[in-house]
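One structure below.
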Amino acid sequence: MKQSKRLESLHQDRITRFRTAAAPAASPRASEDGQASVEFALSLPIVVVMALVLLVVGVAVRNEIAVELAAREGARAAAVSTNEAGAATAAARRSVALPIEVSTASDGSTVTVTVTYVDPVDVAIVGRFIGPITHSASATMAIEPP
């Protein structure tokens with residue numbers, strides 16, 4: 001009887017050790033293994049959209065500066081030329097690589113050049129929500145005698 005109890009105790013001990021080795025108790029670390037992946041998956045779309053919005057803002061600022069430059073260049077060329085409209089259009093289009101519209105107005109002593117560019121905002125995801133941006137700038141200069 002003693003021997004059978006002893007064998008039974010040994011058997012129970014082996015079973016307990018096997019279960020403990022095979023399936024360790026859940027630690028706090030084991031229950032958080034996928035947390036970083038889930039947080040990354042949830043935050044990645046937000047980060048991507050924010051980066052695309054920042055890109056659109058950067059491109060819009062660049063285009064606004066380019067349109068202002070084209071207006072100044074066109075006004076300067078028109079101020080020193082006898083063909084104000086032609087000189088303004090040629091100088092403005094030469095100064096930037098955008099498909100701009102140029103208009104010229106003169107009152108005899110000054111010339112005003114207005115440059116307009118419609119940016120289609122064709123950036124993925126955010127372009128659909130923002131829509132086209134119209135950039136416009138005017139520059140006025142005194143007409144210089146030829």
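Please note that chains go A, B, ... in the order of the structure tokens, that every chain numbers its residues from 1, and that ligands are numbered from 1 in the order shown.
Omitting A:Ala85 and its sequence neighbours fewer than 4 positions away, and counting only C-alpha atoms, the residues within 9 Å are Gly74, Ala78, Thr89, Ala90, Val102, Ser103, Thr104, Ala105 and Val113 of chain A.
Of the listed residues (A:Pro99, A:Pro45, A:Gly58, A:Gly108), A:Gly58 comes nearest to A:Val123; the distances count only C-alpha atoms.
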(message) Taking 2 positions as the minimum chain separation for residues in the same chain, which residues sit within 12 Å of A:Ala97 when counting only C-alpha atoms? Answer as a list in words.
(response) Arg62, Asn63, Ala66, Val67, Leu69, Ala70, Ala91, Ala92, Arg93, Arg94, Ser95, Pro99, Ile100 and Tyr117 of chain A
(request) Go through A:Ala88, A:Thr134, A:Met141, A:Val80 and flag the residue nearest A:Asp107, using only C-alpha atoms for the distances. (result) A:Met141
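Omitting A:Val53 and its sequence neighbours fewer than 6 positions away, and counting only C-alpha atoms, the residues within 10 Å are Val47, Val59, Val123, Ala124, Ile125, Val126, Gly127 and Ile130 of chain A.
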File of the preceding selection, N, CA and C atoms, as a PDB file, in the first residue's frame:
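Result written to again_31.pdb:
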```
ATOM      1  N   VAL A  47      -1.315  58.477 -39.317  1.00  0.00           N
ATOM      2  CA  VAL A  47      -0.003  59.057 -39.608  1.00  0.00           C
ATOM      3  C   VAL A  47       0.168  59.271 -41.113  1.00  0.00           C
ATOM      4  N   VAL A  59       3.183  71.701 -51.067  1.00  0.00           N
ATOM      5  CA  VAL A  59       3.063  71.951 -52.511  1.00  0.00           C
ATOM      6  C   VAL A  59       2.249  73.219 -52.767  1.00  0.00           C
ATOM      7  N   VAL A 123      -3.086  64.474 -55.070  1.00  0.00           N
ATOM      8  CA  VAL A 123      -2.410  63.613 -54.104  1.00  0.00           C
ATOM      9  C   VAL A 123      -3.411  62.566 -53.631  1.00  0.00           C
ATOM     10  N   ALA A 124      -2.963  61.344 -53.522  1.00  0.00           N
ATOM     11  CA  ALA A 124      -3.845  60.243 -53.127  1.00  0.00           C
ATOM     12  C   ALA A 124      -4.528  60.516 -51.792  1.00  0.00           C
ATOM     13  N   ILE A 125      -5.689  60.015 -51.627  1.00  0.00           N
ATOM     14  CA  ILE A 125      -6.524  60.054 -50.425  1.00  0.00           C
ATOM     15  C   ILE A 125      -7.016  61.464 -50.103  1.00  0.00           C
ATOM     16  N   VAL A 126      -6.126  62.417 -49.843  1.00  0.00           N
ATOM     17  CA  VAL A 126      -6.553  63.745 -49.385  1.00  0.00           C
ATOM     18  C   VAL A 126      -6.956  64.668 -50.526  1.00  0.00           C
ATOM     19  N   GLY A 127      -6.480  64.430 -51.736  1.00  0.00           N
ATOM     20  CA  GLY A 127      -6.823  65.284 -52.873  1.00  0.00           C
ATOM     21  C   GLY A 127      -8.310  65.315 -53.149  1.00  0.00           C
ATOM     22  N   ILE A 130      -9.870  67.776 -50.517  1.00  0.00           N
ATOM     23  CA  ILE A 130      -9.453  69.175 -50.555  1.00  0.00           C
ATOM     24  C   ILE A 130      -9.963  69.866 -51.811  1.00  0.00           C
TER      25      ILE A 130
END
```
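Pairwise distance (atom CA of A:Val57, atom CA of A:Leu44) equals 20.1 Å.
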(message) Please identify the strand (DSSP E or B) residues within stretch 46-136 of chain A (assignment by DSSP from backbone atoms) and present them as a PyMOL selection string.
(response) chain A and resi 101-106+110-119+133-136
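Atom to atom, atom CA of A:Thr110 and atom CA of A:Ala139 stand 10.2 Å apart.
With atom CA of A:Ser106 on one side and atom CA of A:Glu64 on the other, the separation reads 23.8 Å.
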(request) Would you please extract all helix (DSSP H, G or I) residues from stretch 23-146 of chain A, as assigned by DSSP on the backbone, and give them as number ranges by chain? (result) A: 30-32, 35-79, 84-95, 127-130
